[in-house]
$ cat coords.csv   # CSV, C-alpha atoms and all ligand atoms
chain,number,residue,atom,x,y,z
A,23,MET,CA,-4.7,11.8,38.5
A,24,SER,CA,-2.7,8.8,39.5
A,25,THR,CA,-5.8,7.1,40.9
A,26,SER,CA,-7.6,7.4,37.7
A,27,ASP,CA,-4.6,6.2,35.7
A,28,LYS,CA,-4.7,3.1,38.0
A,29,GLU,CA,-8.4,2.7,37.3
A,30,MET,CA,-7.8,2.9,33.6
A,31,GLN,CA,-5.2,0.2,33.8
A,32,ARG,CA,-7.6,-2.0,35.7
A,33,TYR,CA,-10.3,-1.3,33.0
A,34,ASN,CA,-7.8,-2.1,30.3
A,35,HIS,CA,-6.7,-5.3,32.1
A,36,TYR,CA,-10.3,-6.4,32.5
A,37,ILE,CA,-11.2,-5.9,28.8
A,38,SER,CA,-8.0,-7.4,27.6
A,39,GLN,CA,-8.1,-10.6,29.7
A,40,LEU,CA,-11.7,-11.2,28.7
A,41,PHE,CA,-11.8,-10.3,25.0
A,42,ALA,CA,-8.3,-9.6,23.7
A,43,VAL,CA,-5.9,-12.3,25.0
A,44,GLU,CA,-2.8,-12.4,22.9
A,45,ASP,CA,-1.9,-15.7,21.4
A,46,ASP,CA,1.8,-16.8,21.0
A,47,LEU,CA,2.0,-15.2,17.6
A,48,LEU,CA,1.0,-11.8,18.8
A,49,GLU,CA,3.3,-12.1,21.8
A,50,ALA,CA,6.2,-13.2,19.5
A,51,THR,CA,5.5,-10.2,17.3
A,52,ARG,CA,5.9,-7.7,20.2
A,53,ALA,CA,9.0,-9.6,21.3
A,54,MET,CA,10.5,-9.4,17.8
A,55,MET,CA,9.7,-5.7,17.7
A,56,GLN,CA,11.6,-5.1,20.9
A,57,GLN,CA,14.5,-7.2,19.8
A,58,GLU,CA,14.8,-5.3,16.6
A,59,GLY,CA,14.7,-1.9,18.4
A,60,LEU,CA,11.3,-0.8,17.2
A,61,PRO,CA,9.4,1.6,19.5
A,62,SER,CA,6.5,0.2,21.5
A,63,ILE,CA,3.9,2.4,19.9
A,64,ASN,CA,1.7,-0.3,18.5
A,65,VAL,CA,-2.0,-0.4,19.4
A,66,SER,CA,-2.9,-2.2,22.6
A,67,ALA,CA,-4.4,-5.7,22.5
A,68,SER,CA,-7.8,-4.3,23.5
A,69,GLU,CA,-7.6,-1.7,20.6
A,70,GLY,CA,-6.3,-4.5,18.3
A,71,GLN,CA,-9.4,-6.5,19.2
A,72,LEU,CA,-11.6,-3.4,18.5
A,73,LEU,CA,-10.0,-3.0,15.0
A,74,HIS,CA,-10.6,-6.7,14.4
A,75,LEU,CA,-14.3,-6.3,15.4
A,76,LEU,CA,-14.7,-3.2,13.2
A,77,ALA,CA,-13.3,-5.1,10.3
A,78,LEU,CA,-15.7,-7.9,10.8
A,79,MET,CA,-18.6,-5.6,11.3
A,80,SER,CA,-17.9,-3.9,8.0
A,81,GLY,CA,-17.5,-7.2,6.2
A,82,ALA,CA,-14.0,-6.1,5.1
A,83,ARG,CA,-12.4,-8.0,2.3
A,84,ARG,CA,-9.9,-5.3,1.4
A,85,ILE,CA,-8.1,-3.3,4.1
A,86,LEU,CA,-5.6,-0.5,3.8
A,87,GLU,CA,-3.3,0.4,6.7
A,88,ILE,CA,-1.1,3.5,6.8
A,89,GLY,CA,1.8,2.9,9.3
A,90,ALA,CA,2.8,-0.7,9.6
A,91,LEU,CA,5.6,-0.5,12.3
A,92,GLY,CA,6.2,-4.2,13.2
A,93,GLY,CA,2.9,-5.5,11.8
A,94,TYR,CA,1.1,-5.8,15.2
A,95,SER,CA,-2.1,-4.0,14.3
A,96,ALA,CA,-1.9,-5.5,10.8
A,97,ILE,CA,-2.2,-9.0,12.3
A,98,TRP,CA,-5.3,-8.1,14.3
A,99,LEU,CA,-6.8,-6.7,11.1
A,100,ALA,CA,-5.7,-9.5,8.7
A,101,ARG,CA,-7.3,-12.0,11.0
A,102,ALA,CA,-10.7,-10.5,10.3
A,103,LEU,CA,-10.3,-11.1,6.5
A,104,PRO,CA,-11.8,-14.0,4.6
A,105,ALA,CA,-9.3,-16.4,3.1
A,106,ASP,CA,-9.3,-14.5,-0.2
A,107,GLY,CA,-9.1,-11.1,1.5
A,108,LYS,CA,-6.2,-8.6,1.2
A,109,LEU,CA,-4.5,-6.1,3.4
A,110,ILE,CA,-2.0,-3.5,2.1
A,111,THR,CA,0.1,-1.7,4.7
A,112,LEU,CA,2.2,1.4,3.9
A,113,GLU,CA,5.4,2.0,5.8
A,114,LEU,CA,8.2,4.6,5.3
A,115,ASP,CA,10.9,2.9,7.3
A,116,GLU,CA,12.6,0.0,5.5
A,117,HIS,CA,13.7,-1.7,8.7
A,118,HIS,CA,10.1,-1.5,10.2
A,119,ALA,CA,8.8,-2.9,6.9
A,120,ALA,CA,11.2,-5.8,7.0
A,121,VAL,CA,10.3,-6.6,10.6
A,122,ALA,CA,6.5,-6.4,9.8
A,123,ARG,CA,7.0,-8.7,6.8
A,124,ARG,CA,8.7,-11.3,9.0
A,125,ASN,CA,6.1,-11.0,11.7
A,126,LEU,CA,3.2,-11.3,9.3
A,127,ASP,CA,4.7,-14.4,7.7
A,128,ALA,CA,5.3,-16.0,11.1
A,129,ALA,CA,1.7,-15.2,12.0
A,130,GLY,CA,0.5,-17.1,8.9
A,131,VAL,CA,-1.1,-14.1,7.2
A,132,GLY,CA,1.8,-13.2,5.0
A,133,ALA,CA,0.0,-14.4,1.8
A,134,MET,CA,-2.8,-11.9,2.2
A,135,VAL,CA,-0.7,-8.9,3.3
A,136,GLU,CA,1.4,-6.7,1.1
A,137,VAL,CA,3.9,-4.2,2.8
A,138,ARG,CA,4.6,-1.2,0.6
A,139,VAL,CA,7.7,0.8,1.5
A,140,GLY,CA,7.8,4.6,0.9
A,141,PRO,CA,6.2,7.8,2.1
A,142,ALA,CA,2.5,7.0,2.5
A,143,LEU,CA,1.3,10.1,0.5
A,144,ALA,CA,3.3,9.0,-2.5
A,145,SER,CA,2.0,5.4,-2.2
A,146,LEU,CA,-1.6,6.7,-1.9
A,147,THR,CA,-1.3,8.9,-4.9
A,148,ALA,CA,0.2,6.0,-6.9
A,149,MET,CA,-2.8,3.9,-5.9
A,150,GLN,CA,-5.3,6.5,-7.0
A,151,GLN,CA,-3.5,6.8,-10.4
A,152,ALA,CA,-3.3,3.0,-10.8
A,153,GLY,CA,-7.1,2.8,-10.3
A,154,GLU,CA,-6.7,0.6,-7.2
A,155,ALA,CA,-9.9,-1.2,-6.3
A,156,PRO,CA,-11.8,0.4,-3.4
A,157,PHE,CA,-11.1,-0.6,0.2
A,158,ASP,CA,-13.7,-1.6,2.7
A,159,LEU,CA,-11.7,-0.2,5.7
A,160,ILE,CA,-8.7,2.1,6.0
A,161,PHE,CA,-6.7,2.5,9.2
A,162,ILE,CA,-4.6,5.6,9.5
A,163,ASP,CA,-1.8,5.3,12.1
A,164,ALA,CA,1.4,7.0,10.8
A,165,ASP,CA,2.8,10.5,11.2
A,166,LYS,CA,0.1,12.8,12.7
A,167,ASP,CA,1.0,15.8,10.5
A,168,GLY,CA,0.1,13.7,7.5
A,169,TYR,CA,-3.3,12.7,8.7
A,170,VAL,CA,-5.4,15.3,6.9
A,171,ASP,CA,-3.6,14.6,3.6
A,172,TYR,CA,-4.2,10.8,4.2
A,173,LEU,CA,-7.8,11.5,4.9
A,174,GLN,CA,-8.3,13.2,1.5
A,175,LYS,CA,-6.8,10.2,-0.2
A,176,ALA,CA,-8.7,7.7,2.0
A,177,VAL,CA,-12.1,9.3,1.1
A,178,THR,CA,-11.4,8.6,-2.6
A,179,LEU,CA,-10.0,5.1,-1.9
A,180,VAL,CA,-12.7,3.7,0.4
A,181,ARG,CA,-16.0,2.4,-0.9
A,182,GLU,CA,-19.3,4.0,-0.1
A,183,GLY,CA,-20.4,2.6,3.3
A,184,GLY,CA,-16.8,1.8,4.0
A,185,VAL,CA,-14.9,2.7,7.2
A,186,ILE,CA,-12.0,5.1,7.8
A,187,LEU,CA,-10.2,4.8,11.2
A,188,ALA,CA,-7.5,7.1,12.7
A,189,ASP,CA,-5.5,6.2,15.8
A,190,ASN,CA,-4.1,8.5,18.6
A,191,THR,CA,-6.7,11.2,18.1
A,192,LEU,CA,-7.7,12.2,21.6
A,193,PRO,CA,-4.9,13.4,24.0
A,194,ASP,CA,-3.0,15.0,21.1
A,195,ALA,CA,-6.2,16.9,20.0
A,196,VAL,CA,-7.3,18.0,23.5
A,197,LEU,CA,-4.2,18.4,25.6
A,198,ASP,CA,-1.8,19.8,23.0
A,199,GLU,CA,-0.4,23.1,24.2
A,200,ASN,CA,-0.1,25.0,20.9
A,201,GLY,CA,-3.6,23.8,19.9
A,202,ASP,CA,-2.8,22.9,16.3
A,203,SER,CA,-1.9,19.2,16.4
A,204,GLY,CA,-2.3,16.9,13.4
A,205,ALA,CA,-4.9,14.9,15.4
A,206,LYS,CA,-6.9,18.1,16.1
A,207,ARG,CA,-6.9,19.1,12.5
A,208,TYR,CA,-7.8,15.5,11.5
A,209,ASN,CA,-10.8,15.4,13.8
A,210,ALA,CA,-12.0,18.9,12.6
A,211,ALA,CA,-11.6,17.7,9.0
A,212,VAL,CA,-13.7,14.5,9.4
A,213,ALA,CA,-16.3,16.4,11.5
A,214,ALA,CA,-16.8,18.9,8.7
A,215,HIS,CA,-16.6,16.4,5.8
A,216,PRO,CA,-19.9,16.2,3.9
A,217,ALA,CA,-19.2,12.6,2.8
A,218,LEU,CA,-18.5,11.3,6.2
A,219,VAL,CA,-20.4,10.4,9.4
A,220,SER,CA,-17.9,10.3,12.3
A,221,GLY,CA,-17.2,10.0,16.0
A,222,ILE,CA,-14.4,9.2,18.5
A,223,VAL,CA,-14.2,6.1,20.6
A,224,PRO,CA,-11.9,6.4,23.7
A,225,VAL,CA,-9.5,3.4,23.8
A,226,LEU,CA,-7.5,2.1,26.7
A,227,ARG,CA,-3.8,1.1,26.8
A,228,GLN,CA,-1.2,0.3,29.4
A,229,GLU,CA,-0.1,4.0,29.5
A,230,GLY,CA,-3.6,5.4,29.8
A,231,MET,CA,-6.2,6.3,27.3
A,232,ASP,CA,-6.2,7.5,23.7
A,233,GLY,CA,-8.8,7.8,21.0
A,234,LEU,CA,-9.8,6.1,17.7
A,235,THR,CA,-11.7,8.3,15.3
A,236,ILE,CA,-14.3,6.3,13.3
A,237,SER,CA,-15.8,7.6,10.1
A,238,ILE,CA,-18.1,5.9,7.6
A,239,LYS,CA,-18.4,7.1,4.1
A,240,ARG,CA,-22.0,8.0,3.2
A,241,THR,CA,-23.8,6.0,0.6
A,242,ARG,CA,-24.9,8.4,-2.2
A,243,GLY,CA,-28.6,9.1,-2.3
A,244,THR,CA,-29.3,8.5,1.4
A,245,ALA,CA,-30.6,11.3,3.6
A,246,ARG,CA,-28.1,13.2,5.7
A,247,ALA,CA,-28.2,11.9,9.2
A,248,SER,CA,-29.9,14.5,11.4
A,249,VAL,CA,-27.4,14.4,14.3
A,301,LIG,N1,0.0,0.6,13.2
A,301,LIG,C1,1.1,0.1,14.0
A,301,LIG,C2,1.8,1.3,14.6
A,301,LIG,C3,2.3,2.3,13.6
A,301,LIG,S1,3.5,3.4,14.3
A,301,LIG,C4,0.6,-0.8,15.1
A,301,LIG,O1,-0.3,-0.3,15.9
A,301,LIG,O2,1.1,-1.9,15.3
A,301,LIG,C5,3.7,4.6,13.0
A,301,LIG,C6,4.5,4.0,11.8
A,301,LIG,O3,4.3,5.0,10.7
A,301,LIG,C7,6.0,3.9,12.0
A,301,LIG,O4,6.4,2.6,11.7
A,301,LIG,C8,6.6,5.0,11.1
A,301,LIG,O5,7.8,4.6,10.5
A,301,LIG,C9,5.5,5.1,10.0
A,301,LIG,N2,5.5,6.3,9.3
A,301,LIG,C10,5.9,7.6,9.7
A,301,LIG,N3,5.8,8.5,8.7
A,301,LIG,C11,5.4,7.8,7.6
A,301,LIG,C12,5.1,8.2,6.3
A,301,LIG,N4,5.2,9.5,5.9
A,301,LIG,N5,4.7,7.3,5.4
A,301,LIG,C13,4.5,6.0,5.8
A,301,LIG,N6,4.8,5.5,7.1
A,301,LIG,C14,5.2,6.5,8.0
A,302,MG,MG,-1.2,4.4,16.9
$ encode --input "coords.csv" --output "structure tokens" --more "lines below"
Ligand code: SAH
Ligand code: MG
Amino acid sequence: MSTSDKEMQRYNHYISQLFAVEDDLLEATRAMMQQEGLPSINVSASEGQLLHLLALMSGARRILEIGALGGYSAIWLARALPADGKLITLELDEHHAAVARRNLDAAGVGAMVEVRVGPALASLTAMQQAGEAPFDLIFIDADKDGYVDYLQKAVTLVREGGVILADNTLPDAVLDENGDSGAKRYNAAVAAHPALVSGIVPVLRQEGMDGLTISIKRTRGTARASV
């Protein structure tokens, strides 16, 4: 086991130093999170770069994130937006939200990012009721027990052909003792969802591997994929 952990660290290092080198602003964001006592549960740099790539691939102009923490993943995502793009990030904890706000401003993306404080489910319901314009990409990365509820909202808030991502969906789903983790229920829900085509990409981080579940919302009128 320890050998393969070592190997995974080497793989992560290789990918990160080649494709996901942090600039001063991302480094400062992590330093600020640490200084403010936030947990180090942000995405890794290599996963941040993957989020950035997926946002570019989907031509995202409007992104929704659920779970801001200190704004680290939001910076990777916001950097994929065009100048008139917008990212809304939902955060329960006021202190986390304040740190995110500061980091996003310092990183120069503050003008295109809105941090909404409150329980994500309530914010999502309010967005539905307000007729919020559809999002091109939604990144779910908050409390795992809320994932299935967030998915139901995300499917209505994302455009056809848009992307829904969910973080931390592999070890929790596979290695969980009681067998009923939020991640496992989430993966089962996207796999069974008639409006979605989905898969999981393993992602590497310092502490080993995890998974990112990727779903795309079908465009109405196209044939169901035969996979
Ligand atoms: N996306 C961040 C990490 C998010 S960590 C990154 O990679 O940089 C998960 C965040 O979800 C924490 O900040 C936590 O406070 C927040 N959270 C937990 N429960 C929540 C809820 N019900 N609604 C909104 N945010 C929640
Ligand atoms: Mg995460």
$ atom_distance --input "coords.csv" --atom1 "CA of Asp27 in chain A" --atom2 "CA of Val196 in chain A"
17.2 Å
$ residues_near_ligand --input "coords.csv" --ligand "ligand LIG 301 (chain A)" --cutoff "8 Å" --atoms "only C-alpha atoms and all ligand atoms" --output "PyMOL selection string"
chain A and resi 63-66+70+87-96+112-115+118-119+139-143+162-165+168
$ residues_around --input "coords.csv" --residues "Pro224 in chain A" --least-positions-apart "5" --cutoff "12 Å" --atoms "all atoms listed in the file" --output "list in words"
Met30, Asn34, Ser68, Glu69, Leu72, Ala188, Asp189, Asn190, Thr191, Leu192, Pro193, Gly230, Met231, Asp232, Gly233, Leu234, Thr235 and Ile236 of chain A
$ atom_distance --input "coords.csv" --atom1 "CA of Leu86 in chain A" --atom2 "CA of Gly221 in chain A"
19.8 Å
$ closest_residue --input "coords.csv" --among "A:Glu182, A:Glu154, A:Glu29, A:Glu44" --to "Ser80 in chain A" --atoms "only C-alpha atoms"
A:Glu182
$ residues_near_point --input "coords.csv" --point "(-14.0, -1.5, -4.2)" --cutoff "8 Å" --atoms "only C-alpha atoms" --output "ChimeraX atom specification"
/A:84,155-158,180-181
$ axis_aligned_box --input "coords.csv" --around "range 56-67 of chain A" --padding-each-side "5 Å" --output "lines of an AutoDock Vina configuration file"
center_x = 5.2
center_y = -2.4
center_z = 19.6
size_x = 29.2
size_y = 19.6
size_z = 16.0
$ closest_residue --input "coords.csv" --among "A:Lys175, A:Arg83, A:Arg227, A:Arg32" --to "ligand MG 302 (chain A)" --atoms "all atoms listed in the file"
A:Arg227
$ closest_residue --input "coords.csv" --among "A:Met55, A:Val185, A:Leu179, A:Ala205" --to "ligand MG 302 (chain A)" --atoms "all atoms listed in the file"
A:Ala205
